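*Asks:* Structure: structure-v5.tsv, TSV, C-alpha atoms.
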chain	number	residue	atom	x	y	z
A	1	MET	CA	12.62	36.16	-21.31
A	2	ARG	CA	11.32	33.12	-19.43
A	3	ILE	CA	11.04	31.04	-22.56
A	4	ARG	CA	14.73	31.53	-23.26
A	5	PHE	CA	15.88	31.34	-19.63
A	6	ILE	CA	14.42	27.96	-18.75
A	7	PRO	CA	16.14	25.97	-21.56
A	8	PHE	CA	19.43	27.69	-20.76
A	9	PHE	CA	19.06	26.78	-17.07
A	10	LEU	CA	18.31	23.18	-17.91
A	11	LEU	CA	21.28	23.02	-20.27
A	12	LEU	CA	23.53	24.45	-17.56
A	13	SER	CA	22.28	21.86	-15.07
A	14	VAL	CA	23.03	19.03	-17.50
A	15	GLN	CA	26.51	20.41	-18.11
A	16	LEU	CA	27.22	20.65	-14.39
A	17	MET	CA	26.07	17.05	-13.87
A	18	ALA	CA	28.29	15.88	-16.71
A	19	GLN	CA	31.27	17.69	-15.24
A	20	GLN	CA	30.91	15.72	-12.00
A	21	VAL	CA	31.92	12.48	-13.78
A	22	GLU	CA	35.69	12.26	-14.07
A	23	LEU	CA	37.39	9.52	-16.09
A	24	ASN	CA	40.99	9.02	-15.01
A	25	ARG	CA	43.46	7.47	-17.43
A	26	GLN	CA	44.03	3.74	-17.28
A	27	ARG	CA	47.34	2.45	-15.96
A	28	HIS	CA	49.19	-0.86	-15.77
A	29	PHE	CA	51.86	-1.99	-13.32
A	30	PRO	CA	54.02	-4.73	-14.92
A	31	ASN	CA	56.59	-4.70	-12.11
A	32	THR	CA	54.11	-5.31	-9.31
A	33	VAL	CA	51.12	-7.05	-10.93
A	34	PRO	CA	51.80	-10.38	-12.71
A	35	ALA	CA	50.07	-11.24	-15.98
A	36	GLY	CA	46.62	-12.59	-15.29
A	37	ASN	CA	43.01	-13.02	-16.28
A	38	TYR	CA	41.56	-10.51	-13.86
A	39	SER	CA	37.79	-10.66	-14.13
A	40	GLY	CA	36.35	-9.13	-10.96
A	41	ILE	CA	37.28	-6.77	-8.13
A	42	THR	CA	35.92	-5.77	-4.72
A	43	TRP	CA	36.98	-3.28	-2.04
A	44	LEU	CA	37.96	-4.62	1.39
A	45	GLY	CA	38.44	-1.19	2.97
A	46	GLY	CA	41.46	1.09	3.15
A	47	ASN	CA	43.80	0.32	0.26
A	48	ARG	CA	43.00	-3.42	0.18
A	49	TYR	CA	41.13	-5.18	-2.63
A	50	ALA	CA	40.32	-8.73	-3.66
A	51	VAL	CA	40.52	-9.61	-7.37
A	52	ALA	CA	39.08	-12.66	-9.13
A	53	ASN	CA	41.05	-14.53	-11.81
A	54	ASP	CA	38.95	-16.67	-14.15
A	55	LYS	CA	41.85	-18.86	-15.25
A	56	SER	CA	43.92	-19.24	-12.10
A	57	PRO	CA	45.24	-22.80	-11.56
A	58	THR	CA	43.00	-23.23	-8.50
A	59	ALA	CA	39.89	-21.49	-7.20
A	60	GLY	CA	40.40	-18.39	-5.07
A	61	PHE	CA	41.29	-14.71	-5.34
A	62	HIS	CA	44.21	-12.29	-5.33
A	63	LEU	CA	44.73	-9.77	-2.55
A	64	MET	CA	46.03	-6.46	-3.90
A	65	THR	CA	46.93	-3.03	-2.61
A	66	ILE	CA	45.62	-0.16	-4.74
A	67	LEU	CA	46.60	3.40	-3.86
A	68	THR	CA	44.42	6.21	-5.21
A	69	ASP	CA	44.57	9.98	-4.88
A	70	SER	CA	41.94	11.16	-2.38
A	71	VAL	CA	41.10	14.29	-4.42
A	72	SER	CA	41.08	13.14	-8.05
A	73	GLY	CA	40.77	9.37	-7.60
A	74	LYS	CA	43.73	8.76	-9.91
A	75	ILE	CA	45.50	5.43	-9.46
A	76	LEU	CA	48.92	5.91	-7.91
A	77	ASP	CA	50.08	2.33	-7.44
A	78	VAL	CA	48.86	-1.27	-7.63
A	79	ARG	CA	50.65	-4.19	-6.00
A	80	ALA	CA	49.63	-7.84	-6.02
A	81	GLU	CA	50.24	-9.40	-2.61
A	82	VAL	CA	49.18	-13.05	-2.40
A	83	PHE	CA	46.76	-15.50	-4.00
A	84	MET	CA	44.36	-17.09	-1.51
A	85	THR	CA	43.00	-20.44	-2.65
A	86	SER	CA	40.75	-23.31	-1.64
A	87	ASN	CA	43.05	-25.61	-3.66
A	88	LEU	CA	40.04	-26.81	-5.65
A	89	PRO	CA	39.84	-26.49	-9.46
A	90	ASN	CA	39.01	-23.06	-10.85
A	91	ARG	CA	35.31	-22.64	-11.67
A	92	ASP	CA	35.83	-19.92	-14.29
A	93	GLU	CA	35.45	-17.45	-11.44
A	94	GLU	CA	34.29	-14.04	-12.62
A	95	GLY	CA	32.49	-11.81	-10.13
A	96	ILE	CA	33.53	-11.14	-6.54
A	97	CYS	CA	32.07	-9.13	-3.65
A	98	TYR	CA	32.94	-8.50	-0.02
A	99	VAL	CA	30.48	-8.72	2.89
A	100	PRO	CA	31.85	-6.60	5.77
A	101	HIS	CA	29.72	-7.93	8.63
A	102	THR	CA	30.84	-11.53	8.00
A	103	HIS	CA	34.33	-10.64	6.73
A	104	THR	CA	33.82	-13.04	3.83
A	105	LEU	CA	33.83	-12.95	0.04
A	106	PHE	CA	31.38	-14.39	-2.47
A	107	VAL	CA	32.67	-15.44	-5.88
A	108	SER	CA	30.57	-16.35	-8.92
A	109	GLY	CA	31.57	-19.16	-11.26
A	110	GLU	CA	30.56	-19.32	-14.92
A	111	GLY	CA	31.67	-22.95	-15.00
A	112	ASP	CA	29.29	-24.30	-12.35
A	113	GLY	CA	26.70	-21.51	-12.15
A	114	LYS	CA	27.21	-21.13	-8.39
A	115	ILE	CA	28.00	-18.16	-6.16
A	116	ILE	CA	29.89	-19.45	-3.13
A	117	GLU	CA	31.41	-17.97	0.00
A	118	TYR	CA	35.10	-17.82	0.92
A	119	ALA	CA	36.85	-16.83	4.12
A	120	LEU	CA	39.56	-14.22	3.60
A	121	ASP	CA	42.20	-16.95	3.87
A	122	GLY	CA	40.72	-18.75	0.86
A	123	ARG	CA	38.83	-21.47	2.73
A	124	LEU	CA	35.30	-22.34	1.63
A	125	THR	CA	32.69	-21.70	4.32
A	126	GLY	CA	30.11	-24.07	2.80
A	127	ARG	CA	27.57	-21.29	2.21
A	128	LYS	CA	26.28	-20.10	-1.16
A	129	LEU	CA	23.56	-17.92	-2.67
A	130	SER	CA	20.31	-19.77	-3.38
A	131	ILE	CA	20.15	-19.37	-7.16
A	132	PRO	CA	16.66	-19.65	-8.76
A	133	ASN	CA	16.36	-22.63	-11.10
A	134	VAL	CA	15.72	-20.40	-14.13
A	135	PHE	CA	19.43	-19.50	-14.20
A	136	ARG	CA	20.35	-23.07	-15.14
A	137	ASP	CA	19.39	-22.10	-18.69
A	138	THR	CA	22.59	-20.14	-19.42
A	139	ASN	CA	24.60	-20.09	-22.62
A	140	SER	CA	28.05	-21.66	-22.41
A	141	ASN	CA	30.64	-19.21	-21.02
A	142	ARG	CA	27.95	-16.52	-20.75
A	143	GLY	CA	26.75	-17.08	-17.18
A	144	PHE	CA	27.32	-15.16	-13.96
A	145	GLU	CA	29.99	-12.46	-14.39
A	146	ALA	CA	28.54	-9.55	-12.46
A	147	LEU	CA	28.30	-9.72	-8.66
A	148	THR	CA	28.01	-7.01	-6.00
A	149	TYR	CA	26.95	-6.48	-2.38
A	150	ASN	CA	26.10	-3.34	-0.44
A	151	ALA	CA	26.41	-3.22	3.35
A	152	VAL	CA	23.89	-0.36	3.70
A	153	THR	CA	21.05	-1.97	1.75
A	154	HIS	CA	22.10	-5.52	2.78
A	155	ARG	CA	21.52	-6.76	-0.75
A	156	PHE	CA	23.44	-8.93	-3.21
A	157	TRP	CA	22.90	-8.40	-6.94
A	158	THR	CA	23.94	-10.55	-9.88
A	159	THR	CA	23.09	-11.17	-13.52
A	160	THR	CA	24.32	-13.25	-16.43
A	161	GLU	CA	26.55	-11.81	-19.15
A	162	ASN	CA	24.07	-12.68	-21.91
A	163	SER	CA	20.41	-13.60	-22.21
A	164	LEU	CA	19.36	-17.00	-20.92
A	165	LYS	CA	18.60	-19.41	-23.74
A	166	SER	CA	14.86	-19.16	-23.09
A	167	ASP	CA	14.95	-15.34	-22.95
A	168	GLY	CA	16.37	-14.63	-26.38
A	169	GLU	CA	19.40	-14.74	-28.68
A	170	LYS	CA	22.80	-13.64	-27.50
A	171	PRO	CA	24.35	-10.89	-29.66
A	172	ASP	CA	27.29	-11.61	-31.93
A	173	ILE	CA	28.75	-10.38	-35.22
A	174	GLN	CA	25.81	-11.78	-37.21
A	175	HIS	CA	23.03	-11.33	-34.65
A	176	LYS	CA	22.99	-7.66	-33.71
A	177	VAL	CA	20.39	-8.00	-30.98
A	178	ALA	CA	20.20	-6.76	-27.41
A	179	ASN	CA	20.52	-8.96	-24.34
A	180	ARG	CA	17.42	-9.39	-22.16
A	181	LEU	CA	18.86	-9.99	-18.71
A	182	ARG	CA	17.43	-10.93	-15.33
A	183	PHE	CA	18.83	-8.84	-12.46
A	184	GLN	CA	18.54	-11.03	-9.38
A	185	CYS	CA	18.61	-9.68	-5.80
A	186	PHE	CA	19.36	-11.66	-2.61
A	187	ASN	CA	19.17	-10.75	1.09
A	188	ASP	CA	21.62	-11.43	3.93
A	189	ASP	CA	20.04	-14.87	4.38
A	190	LEU	CA	21.34	-15.64	0.86
A	191	GLN	CA	17.78	-16.10	-0.41
A	192	PRO	CA	16.36	-14.55	-3.61
A	193	VAL	CA	14.03	-11.61	-2.89
A	194	ALA	CA	13.46	-9.77	-6.17
A	195	GLN	CA	14.09	-10.02	-9.92
A	196	TYR	CA	13.95	-7.35	-12.63
A	197	TRP	CA	14.43	-7.18	-16.40
A	198	TYR	CA	17.28	-5.22	-17.97
A	199	THR	CA	18.01	-4.72	-21.68
A	200	THR	CA	21.52	-4.01	-22.93
A	201	ASP	CA	22.33	-1.99	-26.02
A	202	SER	CA	22.75	-3.83	-29.33
A	203	PRO	CA	26.17	-4.28	-30.98
A	204	SER	CA	27.39	-1.18	-32.78
A	205	VAL	CA	29.72	-2.94	-35.22
A	206	LYS	CA	29.04	-3.18	-38.94
A	207	GLY	CA	29.77	-6.08	-41.27
A	208	VAL	CA	30.17	-9.80	-40.57
A	209	LYS	CA	33.95	-10.30	-40.31
A	210	GLY	CA	35.76	-10.84	-37.03
A	211	THR	CA	33.94	-11.33	-33.73
A	212	THR	CA	32.02	-9.22	-31.26
A	213	THR	CA	30.95	-9.93	-27.70
A	214	LEU	CA	28.46	-7.74	-25.90
A	215	GLY	CA	27.03	-8.14	-22.41
A	216	ALA	CA	26.88	-7.00	-18.81
A	217	SER	CA	30.12	-7.89	-17.06
A	218	GLY	CA	29.86	-5.87	-13.85
A	219	LEU	CA	27.50	-4.40	-11.27
A	220	VAL	CA	28.02	-1.96	-8.40
A	221	ALA	CA	25.38	-1.67	-5.66
A	222	LEU	CA	25.33	1.90	-4.28
A	223	ASP	CA	24.31	2.98	-0.78
A	224	ASP	CA	21.11	4.65	-2.06
A	225	GLY	CA	19.88	1.42	-3.66
A	226	ARG	CA	20.82	2.26	-7.24
A	227	LEU	CA	23.02	0.04	-9.39
A	228	VAL	CA	25.84	0.90	-11.76
A	229	VAL	CA	25.80	-1.49	-14.72
A	230	LEU	CA	28.93	-2.12	-16.76
A	231	GLU	CA	28.04	-2.97	-20.36
A	232	ARG	CA	30.97	-3.70	-22.62
A	233	GLU	CA	31.23	-4.54	-26.30
A	234	VAL	CA	34.43	-6.31	-27.40
A	235	ARG	CA	35.15	-6.09	-31.13
A	236	LYS	CA	37.99	-8.23	-32.46
A	237	THR	CA	39.01	-7.94	-36.09
A	238	THR	CA	40.62	-10.81	-37.98
A	239	LYS	CA	44.09	-9.22	-37.84
A	240	GLY	CA	43.75	-7.31	-34.58
A	241	ILE	CA	44.12	-3.80	-35.97
A	242	GLY	CA	40.85	-1.96	-35.56
A	243	SER	CA	39.77	-3.98	-32.53
A	244	PHE	CA	38.13	-2.03	-29.71
A	245	VAL	CA	36.28	-2.28	-26.41
A	246	GLN	CA	33.34	0.05	-25.88
A	247	VAL	CA	32.48	0.49	-22.19
A	248	LYS	CA	29.21	2.05	-21.06
A	249	LEU	CA	28.22	2.62	-17.45
A	250	TYR	CA	24.50	2.93	-16.80
A	251	LEU	CA	22.57	3.79	-13.64
A	252	VAL	CA	19.33	1.99	-12.73
A	253	ASP	CA	17.08	2.39	-9.69
A	254	PRO	CA	15.15	-0.78	-8.77
A	255	SER	CA	13.24	1.11	-6.04
A	256	LYS	CA	11.30	2.92	-8.77
A	257	HIS	CA	10.00	-0.33	-10.26
A	258	GLN	CA	7.85	-3.25	-9.22
A	259	GLN	CA	9.41	-6.70	-9.14
A	260	GLY	CA	9.42	-8.23	-12.61
A	261	GLU	CA	9.38	-4.87	-14.38
A	262	GLN	CA	11.87	-3.50	-16.89
A	263	LEU	CA	14.57	-1.31	-15.34
A	264	GLN	CA	14.98	2.08	-16.99
A	265	LYS	CA	18.64	2.99	-17.46
A	266	GLN	CA	20.46	6.31	-17.54
A	267	LEU	CA	23.90	6.68	-19.11
A	268	LEU	CA	26.51	7.70	-16.54
A	269	THR	CA	29.52	7.73	-18.87
A	270	SER	CA	31.19	5.82	-21.71
A	271	PHE	CA	34.62	5.38	-23.24
A	272	ARG	CA	36.44	3.25	-25.82
A	273	THR	CA	39.82	1.52	-25.79
A	274	ARG	CA	41.52	0.57	-29.07
A	275	MET	CA	44.09	-1.50	-30.89
A	276	ASN	CA	45.26	0.35	-34.00
A	277	LEU	CA	48.38	1.88	-35.52
A	278	THR	CA	48.48	4.80	-33.10
A	279	LYS	CA	46.81	3.46	-29.95
A	280	ARG	CA	47.49	0.25	-28.03
A	281	ASN	CA	45.28	0.78	-24.99
A	282	PHE	CA	42.87	-2.07	-25.80
A	283	ALA	CA	41.42	-3.10	-22.43
A	284	ASN	CA	38.60	-5.56	-21.85
A	285	PHE	CA	37.27	-4.10	-18.61
A	286	GLU	CA	35.31	-6.89	-16.92
A	287	GLY	CA	35.53	-6.10	-13.21
A	288	ILE	CA	34.19	-3.05	-11.38
A	289	CYS	CA	33.59	-2.11	-7.75
A	290	ALA	CA	32.90	0.88	-5.53
A	291	GLY	CA	35.96	2.15	-3.71
A	292	PRO	CA	36.44	5.01	-1.21
A	293	ARG	CA	34.70	8.35	-1.49
A	294	LEU	CA	36.83	11.31	-2.51
A	295	THR	CA	37.32	14.40	-0.37
A	296	ASP	CA	34.54	16.20	-2.24
A	297	GLY	CA	32.12	13.33	-1.53
A	298	ARG	CA	32.13	11.77	-4.98
A	299	GLN	CA	32.04	7.98	-5.29
A	300	LEU	CA	35.10	6.31	-6.81
A	301	LEU	CA	34.70	3.30	-9.11
A	302	ILE	CA	37.64	0.98	-9.77
A	303	LEU	CA	37.79	-1.09	-12.98
A	304	VAL	CA	40.09	-3.96	-13.90
A	305	ALA	CA	40.68	-5.47	-17.36
A	306	ASP	CA	41.13	-9.10	-18.38
A	307	SER	CA	44.27	-9.25	-20.55
A	308	GLN	CA	43.98	-13.00	-21.18
A	309	ASN	CA	47.34	-13.41	-19.45
A	310	GLN	CA	48.72	-10.51	-21.54
A	311	TYR	CA	47.69	-12.25	-24.77
A	312	LYS	CA	50.64	-12.71	-27.16
A	313	GLY	CA	52.44	-9.88	-25.41
A	314	ARG	CA	50.01	-7.37	-26.94
A	315	LEU	CA	47.61	-6.77	-24.06
A	316	LYS	CA	48.19	-5.35	-20.60
A	317	ASP	CA	46.56	-5.69	-17.18
A	318	TRP	CA	44.90	-2.30	-17.04
A	319	PHE	CA	43.31	-0.56	-14.06
A	320	LYS	CA	41.11	2.53	-14.29
A	321	THR	CA	39.11	4.77	-11.96
A	322	ILE	CA	36.00	6.86	-12.52
A	323	ALA	CA	34.62	9.40	-10.04
A	324	PHE	CA	31.04	10.65	-9.98
Starting from the file, give its structure as structure tokens.
*Replies:*
Amino acid sequence: MRIRFIPFFLLLSVQLMAQQVELNRQRHFPNTVPAGNYSGITWLGGNRYAVANDKSPTAGFHLMTILTDSVSGKILDVRAEVFMTSNLPNRDEEGICYVPHTHTLFVSGEGDGKIIEYALDGRLTGRKLSIPNVFRDTNSNRGFEALTYNAVTHRFWTTTENSLKSDGEKPDIQHKVANRLRFQCFNDDLQPVAQYWYTTDSPSVKGVKGTTTLGASGLVALDDGRLVVLEREVRKTTKGIGSFVQVKLYLVDPSKHQQGEQLQKQLLTSFRTRMNLTKRNFANFEGICAGPRLTDGRQLLILVADSQNQYKGRLKDWFKTIAF
């Protein structure tokens, strides 16, 4: 009896864990959210969020109100309020995170390779994260996208979208290789304190036509020290039909590794958005953040997609939530 009971118990435990992850349907709000290139998101508390735009006319961030159901986490409404700007040129700003004890935001730029601090009114404070020199070796348009901060652990985390030039090839339609990424941690003094290796999955696409982009575009630092990693593969066919975005969320725990070691990842959940004859929900989810906890204690994740300014009228500015 024991031999049969133990596997059944383990299977039941796995099923219960899987049931705790809830993927709510993606929604868009054309009447209250203007077309944009939304690339990053962070929670300010309550229903307030700050959203990065990698192609805004000037550097800064959008302030938005996002209403979610406290039980299911479903998105009820999203409204863009105002764009706060430094009035300096956009730096291809991708990742964004909020630091509660200073009431400031940090925004990463793929264009200049810097992660700089903004006041909530859009002014630059003059402070920035002290980036190790190794990160100067980025591929063009494949630098810092992911950025997160946790007020409990007092740690910033960031990584590049693709491997640094000296760390390996970046994946594409002809080079179906994995990214070897450096996850870099900083303390409240904005100084680097630890670095770990992380390996993405390899592209899943077959053939050599069209394009594919695969990398880490988002990070979420949790209160217990773990990280949620957003890996996404964007497959674009030559005529559009058959294009898809595969999103995978992985959990890693740096506390279980020594500095410089490879992080072991565990799949949290995955989903795919498509552009075909029956589905037009193609969404390049680039931004992710932790939002409020639900009434049952689960953590809510909020995702935002980059529509490339609603490219040719085909794409939409999607928002999505996941509870776990």
*Asks:* Applying 10 Å and all atoms listed in the file, which residues near Val208 (chain A) remain after dropping the ones on its own chain fewer than 4 positions away? List them as an NGL selection string.
*Replies:* :A and (172-175 or 212)
*Asks:* Which neighbours of Phe156 (chain A) fall inside 10 Å, counting all atoms listed in the file, when residues of the same chain fewer than 6 positions from it are skipped, and could you give them as a list in words?
*Replies:*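 So, after excluding close chain neighbours, the residues are Cys97, Val99, Phe106, Leu129, Leu147, Thr148, Tyr149, Asn150, Gln184, Cys185, Phe186, Asn187, Asp188, Leu190, Gln191, Pro192, Val193, Val220 and Ala221 of chain A.
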*Asks:* Return the single residue from A:Gly143, A:Gly291, A:Thr213, A:His28 that is closest to Leu44 (chain A), with distances computed using all atoms listed in the file.
*Replies:* A:Gly291
*Asks:* Between A:Ala305, A:Ala323, A:Leu222, A:Leu251, single out the one closest to Asn37 (chain A), counting all atoms listed in the file.
*Replies:*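 Comparing A:Ala305, A:Ala323, A:Leu222, A:Leu251 against Asn37 (chain A), the winner is A:Ala305.
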*Asks:* Which one is closest to Leu303 (chain A): A:Val234, A:Ala194, A:Leu23, A:Val33? Count all atoms listed in the file.
*Replies:*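 Selected residue with least distance to Leu303 (chain A): A:Leu23.
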*Asks:* Rank nothing, just name the residue among A:Ala216, A:Ile115, A:Leu105, A:Val177 nearest to Arg142 (chain A), using only C-alpha atoms.
*Replies:*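 Answer, going by the shortest atom-to-atom distance: A:Ala216.
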*Asks:* Mind checking which residues fall within 7 Å of Val245 (chain A), counting all atoms listed in the file, ignoring those fewer than 6 positions away in the same chain, and posting them as a compact mmCIF listing (two decimals) with C-alpha atoms, in the frame of the given file?
*Replies:*
# COMPACT_ATOMS: atom_id res chain seq x y z
CA ARG A 232 30.97 -3.70 -22.62
CA GLU A 233 31.23 -4.54 -26.30
CA VAL A 234 34.43 -6.31 -27.40
CA ARG A 235 35.15 -6.09 -31.13
CA ARG A 272 36.44 3.25 -25.82
CA THR A 273 39.82 1.52 -25.79
CA ARG A 274 41.52 0.57 -29.07
CA PHE A 282 42.87 -2.07 -25.80
CA ALA A 283 41.42 -3.10 -22.43
CA ASN A 284 38.60 -5.56 -21.85
*Asks:* What lies within 9 Å of Gly45 (chain A) using only C-alpha atoms, ignoring chain neighbours under 2 positions off, as a ChimeraX atom specification?
*Replies:* /A:43,47-49,100,291-292
*Asks:* Any chance you could export the current selection's C-alpha atoms as a PDB file, in the frame of the given file?
*Replies:*
ATOM      1  CA  TRP A  43      36.980  -3.280  -2.040  1.00  0.00           C
ATOM      2  CA  ASN A  47      43.800   0.320   0.260  1.00  0.00           C
ATOM      3  CA  ARG A  48      43.000  -3.420   0.180  1.00  0.00           C
ATOM      4  CA  TYR A  49      41.130  -5.180  -2.630  1.00  0.00           C
ATOM      5  CA  PRO A 100      31.850  -6.600   5.770  1.00  0.00           C
ATOM      6  CA  GLY A 291      35.960   2.150  -3.710  1.00  0.00           C
ATOM      7  CA  PRO A 292      36.440   5.010  -1.210  1.00  0.00           C
TER       8      PRO A 292
END
*Asks:* Could you check the closest approach to Lys176 (chain A) for each of A:Asp201, A:Glu117, A:Glu161, A:Asp223 and tell me which residue wins, using only C-alpha atoms?
*Replies:*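 Using only C-alpha atoms, the shortest distance to Lys176 (chain A) belongs to A:Asp201.
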*Asks:* Please report the interatomic distance between CA of Ser70 (chain A) and CA of Gln299 (chain A) in Å with one decimal.
*Replies:*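 Going from CA of Ser70 (chain A) over to CA of Gln299 (chain A) covers 10.8 Å.
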*Asks:* Could you list, as a ChimeraX atom specification, every residue within 12 Å of Lys312 (chain A), counting all atoms listed in the file and ignoring same-chain residues fewer than 5 positions away?
*Replies:* /A:35,240,307
*Asks:* Pick from A:Arg180, A:Arg91, A:Lys74, A:Arg25: nearest to Asp54 (chain A), with all atoms listed in the file counted?
*Replies:* A:Arg91
